[in-house]
>>> print(open('data_1.cif').read())   # mmCIF, C-alpha atoms
data_structure
loop_
_atom_site.label_atom_id
_atom_site.label_comp_id
_atom_site.auth_asym_id
_atom_site.auth_seq_id
_atom_site.Cartn_x
_atom_site.Cartn_y
_atom_site.Cartn_z
CA MET A 1 -34.94 -16.22 -2.67
CA ASN A 2 -37.37 -15.01 -0.02
CA ASN A 3 -35.20 -13.59 2.74
CA THR A 4 -37.88 -12.59 5.24
CA PRO A 5 -36.71 -12.86 8.85
CA LEU A 6 -38.81 -15.98 9.45
CA THR A 7 -37.43 -17.70 6.34
CA THR A 8 -33.88 -16.72 7.25
CA ILE A 9 -34.21 -18.08 10.79
CA ALA A 10 -35.71 -21.31 9.52
CA ARG A 11 -33.00 -21.82 6.92
CA THR A 12 -30.26 -21.00 9.41
CA THR A 13 -31.74 -23.50 11.87
CA LEU A 14 -31.84 -26.23 9.24
CA ASP A 15 -28.30 -25.50 8.04
CA PRO A 16 -26.14 -23.25 10.29
CA TYR A 17 -23.64 -22.82 7.43
CA TYR A 18 -26.29 -20.75 5.63
CA ALA A 19 -25.48 -17.85 7.99
CA PHE A 20 -22.13 -17.43 6.23
CA TYR A 21 -23.97 -16.38 3.06
CA LEU A 22 -26.25 -13.77 4.59
CA PRO A 23 -25.51 -10.08 3.93
CA VAL A 24 -24.92 -7.65 6.77
CA PRO A 25 -28.29 -5.87 7.22
CA LEU A 26 -27.88 -2.24 6.16
CA PRO A 27 -30.43 0.54 5.66
CA PRO A 28 -31.14 1.33 1.99
CA LEU A 29 -29.47 4.74 2.29
CA VAL A 30 -26.26 3.19 3.65
CA THR A 31 -26.30 0.61 0.87
CA ALA A 32 -26.68 3.37 -1.73
CA ILE A 33 -23.79 5.31 -0.18
CA CYS A 34 -21.55 2.21 -0.22
CA VAL A 35 -22.35 1.47 -3.86
CA SER A 36 -21.68 5.13 -4.78
CA MET A 37 -18.34 5.00 -2.97
CA CYS A 38 -17.41 1.90 -4.98
CA PHE A 39 -18.26 3.68 -8.22
CA ILE A 40 -16.27 6.79 -7.28
CA GLY A 41 -13.34 4.67 -6.08
CA PHE A 42 -13.39 2.70 -9.33
CA CYS A 43 -13.23 5.85 -11.49
CA VAL A 44 -10.71 7.78 -9.38
CA GLY A 45 -8.52 4.75 -8.69
CA ALA A 46 -8.45 3.52 -12.28
CA VAL A 47 -7.45 6.94 -13.65
CA GLY A 48 -5.18 7.94 -10.77
CA ASN A 49 -3.15 4.73 -10.51
CA THR A 50 -2.77 4.57 -14.29
CA LEU A 51 -1.39 8.12 -14.22
CA VAL A 52 1.05 7.15 -11.45
CA ILE A 53 2.39 4.22 -13.48
CA LEU A 54 2.69 6.26 -16.69
CA ALA A 55 4.27 9.21 -14.87
CA ILE A 56 7.02 7.04 -13.38
CA ILE A 57 7.65 5.33 -16.73
CA LYS A 58 7.76 8.53 -18.82
CA ASN A 59 9.26 11.09 -16.40
CA ARG A 60 13.00 10.78 -15.92
CA LYS A 61 12.96 12.56 -12.54
CA LEU A 62 10.53 9.99 -11.19
CA ARG A 63 12.44 6.91 -12.41
CA THR A 64 14.12 6.10 -9.10
CA SER A 65 14.40 2.90 -7.09
CA ALA A 66 11.98 4.25 -4.49
CA ASN A 67 9.42 5.16 -7.13
CA ALA A 68 9.77 1.72 -8.72
CA SER A 69 8.17 0.39 -5.55
CA LEU A 70 5.45 3.05 -5.82
CA ALA A 71 4.78 2.02 -9.43
CA SER A 72 4.43 -1.63 -8.41
CA LEU A 73 2.18 -0.59 -5.51
CA ALA A 74 0.08 1.40 -8.00
CA VAL A 75 -0.34 -1.80 -10.05
CA ALA A 76 -1.77 -3.56 -6.98
CA ASP A 77 -3.99 -0.55 -6.23
CA LEU A 78 -5.15 -0.46 -9.85
CA GLY A 79 -6.07 -4.15 -9.69
CA THR A 80 -8.02 -3.56 -6.47
CA CYS A 81 -9.95 -0.62 -7.96
CA VAL A 82 -10.71 -2.28 -11.29
CA LEU A 83 -11.38 -5.86 -10.16
CA VAL A 84 -12.43 -5.77 -6.50
CA LEU A 85 -14.55 -2.61 -6.15
CA PRO A 86 -17.09 -3.58 -8.87
CA ILE A 87 -17.61 -6.97 -7.21
CA ILE A 88 -18.02 -5.29 -3.82
CA ALA A 89 -20.66 -2.96 -5.29
CA THR A 90 -22.47 -5.98 -6.76
CA ALA A 91 -22.34 -7.73 -3.38
CA PHE A 92 -23.90 -4.71 -1.66
CA LEU A 93 -26.77 -4.80 -4.13
CA SER A 94 -27.18 -8.58 -4.01
CA LEU A 95 -24.78 -10.84 -2.13
CA ASP A 96 -26.43 -13.91 -3.69
CA VAL A 97 -25.25 -12.83 -7.13
CA VAL A 98 -21.63 -13.00 -5.97
CA THR A 99 -21.76 -16.06 -3.73
CA THR A 100 -23.62 -18.18 -6.31
CA ASN A 101 -21.38 -17.12 -9.21
CA GLN A 102 -18.15 -19.08 -9.00
CA LEU A 103 -16.20 -16.65 -11.19
CA LEU A 104 -17.17 -13.53 -9.22
CA CYS A 105 -16.67 -15.23 -5.87
CA ARG A 106 -13.25 -16.59 -6.74
CA MET A 107 -12.18 -13.26 -8.24
CA LEU A 108 -13.21 -11.47 -5.04
CA TYR A 109 -11.13 -13.73 -2.80
CA HIS A 110 -8.24 -14.33 -5.19
CA THR A 111 -7.66 -10.66 -5.96
CA THR A 112 -8.06 -9.58 -2.34
CA PHE A 113 -5.65 -12.20 -1.00
CA THR A 114 -3.17 -11.26 -3.72
CA PHE A 115 -3.27 -7.47 -3.78
CA SER A 116 -3.55 -6.83 -0.02
CA PRO A 117 -0.40 -8.80 0.96
CA VAL A 118 1.43 -7.31 -2.03
CA SER A 119 0.53 -3.81 -0.81
CA ILE A 120 1.77 -4.56 2.71
CA GLN A 121 5.06 -5.94 1.38
CA HIS A 122 5.51 -2.85 -0.77
CA LEU A 123 4.99 -0.66 2.31
CA ILE A 124 7.77 -2.62 4.04
CA LEU A 125 10.01 -2.12 1.00
CA ILE A 126 9.27 1.62 0.86
CA ALA A 127 9.98 2.02 4.58
CA ALA A 128 13.24 0.07 4.27
CA ASN A 129 14.19 2.20 1.26
CA ARG A 130 13.64 5.46 3.16
CA TYR A 131 15.49 4.12 6.21
CA THR A 132 18.52 3.11 4.15
CA LEU A 133 18.53 6.36 2.19
CA ILE A 134 18.40 8.54 5.31
CA ASN A 135 20.43 6.51 7.82
CA LYS A 136 23.09 4.84 5.66
CA THR A 137 25.77 6.06 3.29
CA PRO A 138 24.99 6.62 -0.41
CA GLN A 139 27.26 3.69 -1.28
CA THR A 140 25.29 1.37 1.01
CA TYR A 141 22.00 2.59 -0.41
CA THR A 142 23.14 2.06 -4.00
CA ARG A 143 24.45 -1.40 -3.18
CA ILE A 144 21.14 -2.49 -1.62
CA PHE A 145 18.60 -0.62 -3.75
CA ASN A 146 19.93 -0.70 -7.29
CA ARG A 147 17.95 -1.43 -10.42
CA ARG A 148 18.76 -5.13 -10.44
CA SER A 149 17.93 -5.74 -6.78
CA ILE A 150 14.64 -3.84 -7.03
CA LYS A 151 13.59 -5.99 -10.01
CA ILE A 152 14.43 -9.17 -8.08
CA ILE A 153 12.57 -8.04 -4.94
CA LEU A 154 9.44 -6.96 -6.80
CA THR A 155 9.41 -10.15 -8.86
CA CYS A 156 9.68 -12.26 -5.69
CA VAL A 157 6.88 -10.31 -3.98
CA TRP A 158 4.41 -10.82 -6.83
CA THR A 159 5.43 -14.42 -7.57
CA THR A 160 5.19 -15.54 -3.93
CA ASN A 161 1.69 -14.15 -3.45
CA ILE A 162 0.40 -15.52 -6.74
CA VAL A 163 1.76 -19.01 -5.96
CA LEU A 164 0.20 -18.95 -2.48
CA ASN A 165 -3.14 -17.98 -3.97
CA ILE A 166 -2.95 -20.78 -6.52
CA SER A 167 -2.36 -23.27 -3.70
CA MET A 168 -5.34 -21.87 -1.80
CA ALA A 169 -7.46 -22.09 -4.95
CA ILE A 170 -6.58 -25.77 -5.37
CA PHE A 171 -7.02 -26.92 -1.77
CA SER A 172 -9.46 -24.53 -0.04
CA TYR A 173 -11.94 -23.30 -2.67
CA GLY A 174 -14.99 -25.26 -3.63
CA THR A 175 -18.78 -25.26 -3.70
CA LYS A 176 -21.44 -26.11 -1.16
CA ARG A 177 -25.06 -26.87 -1.98
CA ILE A 178 -27.47 -25.23 0.45
CA PHE A 179 -31.13 -25.92 -0.19
CA ASP A 180 -31.62 -25.22 -3.90
CA LYS A 181 -28.42 -23.29 -4.75
CA GLU A 182 -24.70 -23.91 -5.21
CA TYR A 183 -22.66 -21.44 -3.16
CA CYS A 184 -18.95 -20.83 -3.41
CA ARG A 185 -17.04 -22.08 -0.40
CA LEU A 186 -13.76 -21.05 1.16
CA GLU A 187 -12.88 -23.63 3.78
CA GLN A 188 -11.61 -21.79 6.87
CA ASN A 189 -11.66 -24.50 9.51
CA ASP A 190 -9.61 -27.27 7.94
CA VAL A 191 -5.89 -27.59 8.62
CA LEU A 192 -4.82 -25.51 5.62
CA GLY A 193 -7.45 -22.85 6.30
CA ILE A 194 -6.43 -22.52 9.95
CA VAL A 195 -2.73 -22.36 9.07
CA PHE A 196 -3.43 -19.75 6.39
CA ARG A 197 -5.44 -17.60 8.83
CA LEU A 198 -2.77 -17.84 11.53
CA LEU A 199 0.02 -16.98 9.11
CA THR A 200 -2.03 -14.10 7.69
CA MET A 201 -2.66 -12.66 11.17
CA LEU A 202 0.96 -13.11 12.26
CA TYR A 203 2.32 -11.63 9.05
CA THR A 204 -0.08 -8.66 9.14
CA PHE A 205 0.65 -7.99 12.81
CA LEU A 206 4.42 -8.11 12.41
CA SER A 207 4.38 -6.04 9.23
CA CYS A 208 1.88 -3.30 10.13
CA TYR A 209 2.38 -3.02 13.87
CA VAL A 210 6.05 -3.94 14.40
CA ILE A 211 8.43 -3.87 11.40
CA ILE A 212 7.21 -0.80 9.51
CA PRO A 213 6.65 1.30 12.67
CA ILE A 214 10.20 0.49 13.82
CA PHE A 215 11.56 1.68 10.46
CA TYR A 216 9.67 4.97 10.71
CA ILE A 217 10.61 5.49 14.38
CA LEU A 218 14.28 5.21 13.40
CA ILE A 219 13.71 7.44 10.37
CA PHE A 220 11.98 10.20 12.33
CA TRP A 221 14.58 9.97 15.06
CA THR A 222 17.18 10.76 12.41
CA VAL A 223 14.95 13.54 11.03
CA ARG A 224 14.62 15.00 14.52
CA LYS A 225 18.38 14.99 15.03
CA SER A 226 18.77 16.58 11.60
CA GLN A 227 16.38 19.40 12.52
CA LEU A 228 18.28 20.01 15.74
CA ARG A 229 21.49 20.36 13.73
CA VAL A 230 19.90 22.84 11.33
CA ALA A 231 19.39 25.55 13.98
CA PRO A 232 23.06 26.26 14.84
CA ASN A 233 24.08 25.96 11.18
CA ARG A 234 21.24 28.05 9.73
CA PRO A 235 22.90 31.53 10.03
CA ARG A 236 26.11 30.34 8.45
CA GLU A 237 24.30 28.47 5.68
CA TYR A 238 21.60 30.94 4.75
CA ASN A 239 23.42 34.25 5.28
CA VAL A 240 26.09 33.60 2.68
CA PRO A 241 26.62 36.65 0.39
CA SER A 242 24.96 36.22 -3.00
CA VAL A 243 28.11 36.24 -5.08
CA PRO A 244 29.40 33.59 -7.47
CA THR A 245 31.13 30.84 -5.53
CA VAL A 246 33.75 28.41 -6.66
CA SER A 247 34.31 24.81 -5.76
CA ASN A 248 36.12 21.71 -6.88
CA SER A 249 36.33 18.49 -4.97
CA THR A 250 39.93 17.40 -4.37
CA THR A 251 41.28 14.14 -3.08
CA ASN A 252 40.96 15.18 0.57
CA GLY A 253 37.40 16.49 0.10
CA ALA A 254 38.28 20.19 0.48
CA ASP A 255 36.83 22.94 -1.68
CA GLU A 256 39.31 24.90 -3.78
CA PRO A 257 38.77 27.66 -6.33
CA SER A 258 38.70 26.38 -9.86
CA GLY A 259 35.94 28.30 -11.64
CA LEU A 260 32.42 29.61 -11.33
CA MET A 261 29.76 27.23 -10.05
CA SER A 262 26.45 26.83 -11.80
CA ARG A 263 23.22 26.90 -9.80
CA THR A 264 22.98 23.11 -10.13
CA ASP A 265 26.52 22.70 -8.77
CA GLN A 266 25.69 24.96 -5.83
CA THR A 267 22.57 22.90 -5.06
CA THR A 268 24.54 19.67 -5.28
CA GLY A 269 27.24 21.08 -3.03
CA LEU A 270 24.64 22.22 -0.51
CA ARG A 271 23.10 18.75 -0.41
CA ARG A 272 26.54 17.19 0.04
CA ARG A 273 27.38 19.53 2.94
CA ARG A 274 24.00 18.79 4.53
CA ARG A 275 24.58 15.06 4.28
CA MET A 276 28.11 15.42 5.76
CA ARG A 277 26.69 17.40 8.70
CA GLY A 278 23.87 14.92 9.21
CA MET A 279 21.21 17.33 7.94
CA LEU A 280 18.35 16.35 5.63
CA SER A 281 16.94 18.49 2.85
CA PRO A 282 13.33 19.68 3.22
CA SER A 283 12.31 17.54 0.22
CA GLU A 284 13.67 14.38 1.89
CA VAL A 285 11.80 15.16 5.10
CA LYS A 286 8.57 15.89 3.22
CA LEU A 287 8.79 12.71 1.14
CA THR A 288 9.35 10.69 4.31
CA LYS A 289 6.23 12.21 5.86
CA VAL A 290 4.22 11.42 2.71
CA ASN A 291 5.33 7.77 2.80
CA PHE A 292 4.46 7.59 6.49
CA PHE A 293 1.01 9.05 5.77
CA ILE A 294 0.42 6.40 3.09
CA PHE A 295 1.42 3.71 5.59
CA LEU A 296 -0.95 5.09 8.25
CA THR A 297 -3.93 5.15 5.88
CA ASN A 298 -3.23 1.57 4.77
CA VAL A 299 -3.03 0.35 8.38
CA LEU A 300 -6.15 2.30 9.33
CA PHE A 301 -8.24 0.74 6.55
CA LEU A 302 -6.75 -2.74 6.93
CA SER A 303 -7.17 -2.94 10.71
CA PRO A 304 -10.91 -3.88 10.71
CA LEU A 305 -10.21 -6.98 8.62
CA PHE A 306 -7.24 -7.93 10.80
CA PHE A 307 -9.10 -7.61 14.10
CA LEU A 308 -12.14 -9.47 12.76
CA LEU A 309 -9.85 -12.34 11.73
CA VAL A 310 -8.42 -12.34 15.27
CA ILE A 311 -11.74 -12.41 17.15
CA SER A 312 -13.68 -14.63 14.72
CA ARG A 313 -13.34 -18.27 15.71
CA GLU A 314 -15.59 -19.70 13.02
CA GLY A 315 -14.28 -17.49 10.21
CA LEU A 316 -15.76 -14.46 8.49
CA SER A 317 -19.10 -14.58 6.73
CA HIS A 318 -19.24 -13.41 3.12
CA GLY A 319 -21.33 -10.37 4.10
CA THR A 320 -18.88 -9.24 6.78
CA PHE A 321 -15.94 -9.81 4.45
CA VAL A 322 -17.51 -7.61 1.77
CA LEU A 323 -18.21 -4.86 4.31
CA VAL A 324 -14.63 -4.67 5.63
CA LEU A 325 -13.23 -4.80 2.08
CA LEU A 326 -14.84 -1.46 1.19
CA PRO A 327 -12.35 0.76 3.11
CA ILE A 328 -9.44 -1.30 1.72
CA GLY A 329 -10.67 -0.74 -1.82
CA MET A 330 -11.25 2.97 -1.22
CA ASN A 331 -7.73 3.33 0.17
CA SER A 332 -6.34 2.03 -3.12
CA SER A 333 -8.09 4.87 -4.94
CA THR A 334 -6.80 7.63 -2.62
CA ASN A 335 -3.06 6.89 -2.86
CA PRO A 336 -2.65 8.71 -6.23
CA LEU A 337 -4.29 11.78 -4.69
CA VAL A 338 -1.66 11.70 -1.94
CA TYR A 339 1.19 11.52 -4.47
CA CYS A 340 -0.28 14.38 -6.49
CA GLY A 341 -1.08 16.53 -3.48
CA PHE A 342 2.30 16.30 -1.77
CA ASN A 343 4.81 15.79 -4.59
CA ARG A 344 5.47 18.54 -7.10
CA ASN A 345 7.17 16.22 -9.60
CA PHE A 346 4.10 13.97 -9.68
CA ARG A 347 1.82 16.98 -10.17
CA MET A 348 3.89 18.20 -13.13
CA ALA A 349 4.02 14.70 -14.62
CA PHE A 350 0.24 14.30 -14.25
CA LYS A 351 -0.36 17.64 -15.96
CA SER A 352 1.87 16.72 -18.88
CA LEU A 353 0.11 13.36 -19.28
CA VAL A 354 -3.36 14.92 -19.13
CA LYS A 355 -2.39 17.49 -21.76
CA LEU A 356 -1.42 14.69 -24.12
#
>>> encode(input="data_1.cif", output="structure tokens")
Amino acid sequence: MNNTPLTTIARTTLDPYYAFYLPVPLPPLVTAICVSMCFIGFCVGAVGNTLVILAIIKNRKLRTSANASLASLAVADLGTCVLVLPIIATAFLSLDVVTTNQLLCRMLYHTTFTFSPVSIQHLILIAANRYTLINKTPQTYTRIFNRRSIKIILTCVWTTNIVLNISMAIFSYGTKRIFDKEYCRLEQNDVLGIVFRLLTMLYTFLSCYVIIPIFYILIFWTVRKSQLRVAPNRPREYNVPSVPTVSNSTTNGADEPSGLMSRTDQTTGLRRRRRMRGMLSPSEVKLTKVNFFIFLTNVLFLSPLFFLLVISREGLSHGTFVLVLLPIGMNSSTNPLVYCGFNRNFRMAFKSLVKL
């Protein structure tokens, strides 16, 4: 198709809907950079998220309820990297190829509207997990986040989003003939499209800008109080003579001599005393900061799409949608790097998997 400015203006004048299928004009260098980023994100994300899933499955230390959510999040990130990024790269090279191919166009929208909400819901689950672990008793945490409940929650998250996407595919997807070509169409201005947009904006706003931030504010408030408690207890806790200690938990919780403690028992006892005094271990604080960093990067890369949905009355064009999807796809490829960079157990698990 001849897309000279004069031809584009004429076609847009004859059919205003044609503007929804025009790419965002970018310099060739910027286009090349975007396509290269898609290729790098595809490679890094495919390998990295696969390693995260395998590490959690094979490494006993990583098989926790919190990491079950990370594994499920890695599945969504893997799907984004493998399915969405190649289509985005194709759209940067030629948007017509995507918008006139029903399979590619539907895959782009279906996968995006499945994986992005799933990722947000996993971030809520991870934040709630950290809040319960840090602010509630171990019994409460185990009662809420046990193996059975995690399976039910994750199953509901994936099932709900898949069912919603199937309903959108049935009622809002279609084709529209413009001049001599059949373009894919996502109806955004009918009743279902408007309701879907409003619910998406409300859900994204409440999740990313209200619910999850409240969880982390409460978490870091507890962390702050814990750090304040560490200072007066530090001399007594860290200046203990390095001699074998003894301990045995009795019915009233007191420590009585009953034999030599192993290093593991001493570590467990230290963690128990910290928890009783309201103090958090450095590993708990660090893991909380890592989870918060993952949340911030997700919100940062998702915000352009959210604000464009808010200010766009007529809906997003295909070219704009592809452009704002790029940072979302790249974010899915960087999460494994965050796990590896800040978590020693993940680094060791990755090394053992690579050696195999």
>>> residues_near_point(input="data_1.cif", point="(-23.8, -14.4, 0.0)", cutoff="6 Å", atoms="all atoms listed in the file", output="list in words")
Tyr21, Leu22, Leu95, Asp96, Thr99 and His318 of chain A
>>> resolve_selection(input="data_1.cif", expression="the PyMOL selection byres ((chain A and resi 65-74) around 9)", output="PDB file with C-alpha atoms, in the frame of the given file")
ATOM      1  CA  GLY A  48      -5.180   7.940 -10.770  1.00  0.00           C
ATOM      2  CA  ASN A  49      -3.150   4.730 -10.510  1.00  0.00           C
ATOM      3  CA  THR A  50      -2.770   4.570 -14.290  1.00  0.00           C
ATOM      4  CA  VAL A  52       1.050   7.150 -11.450  1.00  0.00           C
ATOM      5  CA  ILE A  53       2.390   4.220 -13.480  1.00  0.00           C
ATOM      6  CA  LEU A  54       2.690   6.260 -16.690  1.00  0.00           C
ATOM      7  CA  ILE A  56       7.020   7.040 -13.380  1.00  0.00           C
ATOM      8  CA  ILE A  57       7.650   5.330 -16.730  1.00  0.00           C
ATOM      9  CA  LEU A  62      10.530   9.990 -11.190  1.00  0.00           C
ATOM     10  CA  ARG A  63      12.440   6.910 -12.410  1.00  0.00           C
ATOM     11  CA  THR A  64      14.120   6.100  -9.100  1.00  0.00           C
ATOM     12  CA  VAL A  75      -0.340  -1.800 -10.050  1.00  0.00           C
ATOM     13  CA  ALA A  76      -1.770  -3.560  -6.980  1.00  0.00           C
ATOM     14  CA  ASP A  77      -3.990  -0.550  -6.230  1.00  0.00           C
ATOM     15  CA  LEU A  78      -5.150  -0.460  -9.850  1.00  0.00           C
ATOM     16  CA  GLY A  79      -6.070  -4.150  -9.690  1.00  0.00           C
ATOM     17  CA  PHE A 115      -3.270  -7.470  -3.780  1.00  0.00           C
ATOM     18  CA  VAL A 118       1.430  -7.310  -2.030  1.00  0.00           C
ATOM     19  CA  SER A 119       0.530  -3.810  -0.810  1.00  0.00           C
ATOM     20  CA  HIS A 122       5.510  -2.850  -0.770  1.00  0.00           C
ATOM     21  CA  LEU A 123       4.990  -0.660   2.310  1.00  0.00           C
ATOM     22  CA  LEU A 125      10.010  -2.120   1.000  1.00  0.00           C
ATOM     23  CA  ILE A 126       9.270   1.620   0.860  1.00  0.00           C
ATOM     24  CA  ASN A 129      14.190   2.200   1.260  1.00  0.00           C
ATOM     25  CA  ARG A 130      13.640   5.460   3.160  1.00  0.00           C
ATOM     26  CA  PHE A 145      18.600  -0.620  -3.750  1.00  0.00           C
ATOM     27  CA  ASN A 146      19.930  -0.700  -7.290  1.00  0.00           C
ATOM     28  CA  ARG A 147      17.950  -1.430 -10.420  1.00  0.00           C
ATOM     29  CA  ILE A 150      14.640  -3.840  -7.030  1.00  0.00           C
ATOM     30  CA  LYS A 151      13.590  -5.990 -10.010  1.00  0.00           C
ATOM     31  CA  LEU A 154       9.440  -6.960  -6.800  1.00  0.00           C
ATOM     32  CA  SER A 332      -6.340   2.030  -3.120  1.00  0.00           C
ATOM     33  CA  ASN A 335      -3.060   6.890  -2.860  1.00  0.00           C
ATOM     34  CA  PRO A 336      -2.650   8.710  -6.230  1.00  0.00           C
TER      35      PRO A 336
END
>>> residues_around(input="data_1.cif", residues="Phe342 in chain A", least_positions_apart="4", cutoff="8 Å", atoms="only C-alpha atoms", output="ChimeraX atom specification")
/A:287,290,338
>>> atom_distance(input="data_1.cif", atom1="CA of Pro327 in chain A", atom2="CA of Arg344 in chain A")
27.2 Å
>>> atom_distance(input="data_1.cif", atom1="CA of Leu300 in chain A", atom2="CA of Ile328 in chain A")
9.0 Å
>>> resolve_selection(input="data_1.cif", expression="the PyMOL selection byres ((chain A and resi 201) around 12)", output="PDB file with C-alpha atoms, keeping the file's coordinate frame")
ATOM      1  CA  PRO A 117      -0.400  -8.800   0.960  1.00  0.00           C
ATOM      2  CA  ILE A 194      -6.430 -22.520   9.950  1.00  0.00           C
ATOM      3  CA  VAL A 195      -2.730 -22.360   9.070  1.00  0.00           C
ATOM      4  CA  PHE A 196      -3.430 -19.750   6.390  1.00  0.00           C
ATOM      5  CA  ARG A 197      -5.440 -17.600   8.830  1.00  0.00           C
ATOM      6  CA  LEU A 198      -2.770 -17.840  11.530  1.00  0.00           C
ATOM      7  CA  LEU A 199       0.020 -16.980   9.110  1.00  0.00           C
ATOM      8  CA  THR A 200      -2.030 -14.100   7.690  1.00  0.00           C
ATOM      9  CA  LEU A 202       0.960 -13.110  12.260  1.00  0.00           C
ATOM     10  CA  TYR A 203       2.320 -11.630   9.050  1.00  0.00           C
ATOM     11  CA  THR A 204      -0.080  -8.660   9.140  1.00  0.00           C
ATOM     12  CA  PHE A 205       0.650  -7.990  12.810  1.00  0.00           C
ATOM     13  CA  LEU A 206       4.420  -8.110  12.410  1.00  0.00           C
ATOM     14  CA  SER A 207       4.380  -6.040   9.230  1.00  0.00           C
ATOM     15  CA  CYS A 208       1.880  -3.300  10.130  1.00  0.00           C
ATOM     16  CA  TYR A 209       2.380  -3.020  13.870  1.00  0.00           C
ATOM     17  CA  LEU A 302      -6.750  -2.740   6.930  1.00  0.00           C
ATOM     18  CA  SER A 303      -7.170  -2.940  10.710  1.00  0.00           C
ATOM     19  CA  LEU A 305     -10.210  -6.980   8.620  1.00  0.00           C
ATOM     20  CA  PHE A 306      -7.240  -7.930  10.800  1.00  0.00           C
ATOM     21  CA  PHE A 307      -9.100  -7.610  14.100  1.00  0.00           C
ATOM     22  CA  LEU A 308     -12.140  -9.470  12.760  1.00  0.00           C
ATOM     23  CA  LEU A 309      -9.850 -12.340  11.730  1.00  0.00           C
ATOM     24  CA  VAL A 310      -8.420 -12.340  15.270  1.00  0.00           C
ATOM     25  CA  ILE A 311     -11.740 -12.410  17.150  1.00  0.00           C
ATOM     26  CA  SER A 312     -13.680 -14.630  14.720  1.00  0.00           C
TER      27      SER A 312
END
>>> axis_aligned_box(input="data_1.cif", around="range 108-121 of chain A", padding_each_side="8 Å", output="lines of an AutoDock Vina configuration file")
center_x = -4.1
center_y = -9.1
center_z = -1.6
size_x = 34.3
size_y = 26.5
size_z = 24.7
>>> closest_residue(input="data_1.cif", among="A:Phe215, A:Phe346, A:Tyr131, A:Phe39", to="Ile144 in chain A", atoms="all atoms listed in the file")
A:Tyr131
>>> closest_residue(input="data_1.cif", among="A:Phe293, A:Phe113, A:Tyr183, A:Tyr141", to="Ala169 in chain A", atoms="all atoms listed in the file")
A:Phe113
>>> closest_residue(input="data_1.cif", among="A:Ile166, A:Leu296, A:Leu326, A:Ile152", to="Thr80 in chain A", atoms="only C-alpha atoms")
A:Leu326
>>> residues_around(input="data_1.cif", residues="Val163 in chain A", least_positions_apart="6", cutoff="12 Å", atoms="only C-alpha atoms", output="PDB file with C-alpha atoms, in the frame of the given file")
ATOM      1  CA  HIS A 110      -8.240 -14.330  -5.190  1.00  0.00           C
ATOM      2  CA  PHE A 113      -5.650 -12.200  -1.000  1.00  0.00           C
ATOM      3  CA  THR A 114      -3.170 -11.260  -3.720  1.00  0.00           C
ATOM      4  CA  CYS A 156       9.680 -12.260  -5.690  1.00  0.00           C
ATOM      5  CA  VAL A 157       6.880 -10.310  -3.980  1.00  0.00           C
ATOM      6  CA  ALA A 169      -7.460 -22.090  -4.950  1.00  0.00           C
ATOM      7  CA  ILE A 170      -6.580 -25.770  -5.370  1.00  0.00           C
TER       8      ILE A 170
END
>>> atom_distance(input="data_1.cif", atom1="CA of Gly41 in chain A", atom2="CA of Ala349 in chain A")
21.8 Å
>>> closest_residue(input="data_1.cif", among="A:Val223, A:Ile217, A:Ala91, A:Val97", to="Lys181 in chain A", atoms="all atoms listed in the file")
A:Val97
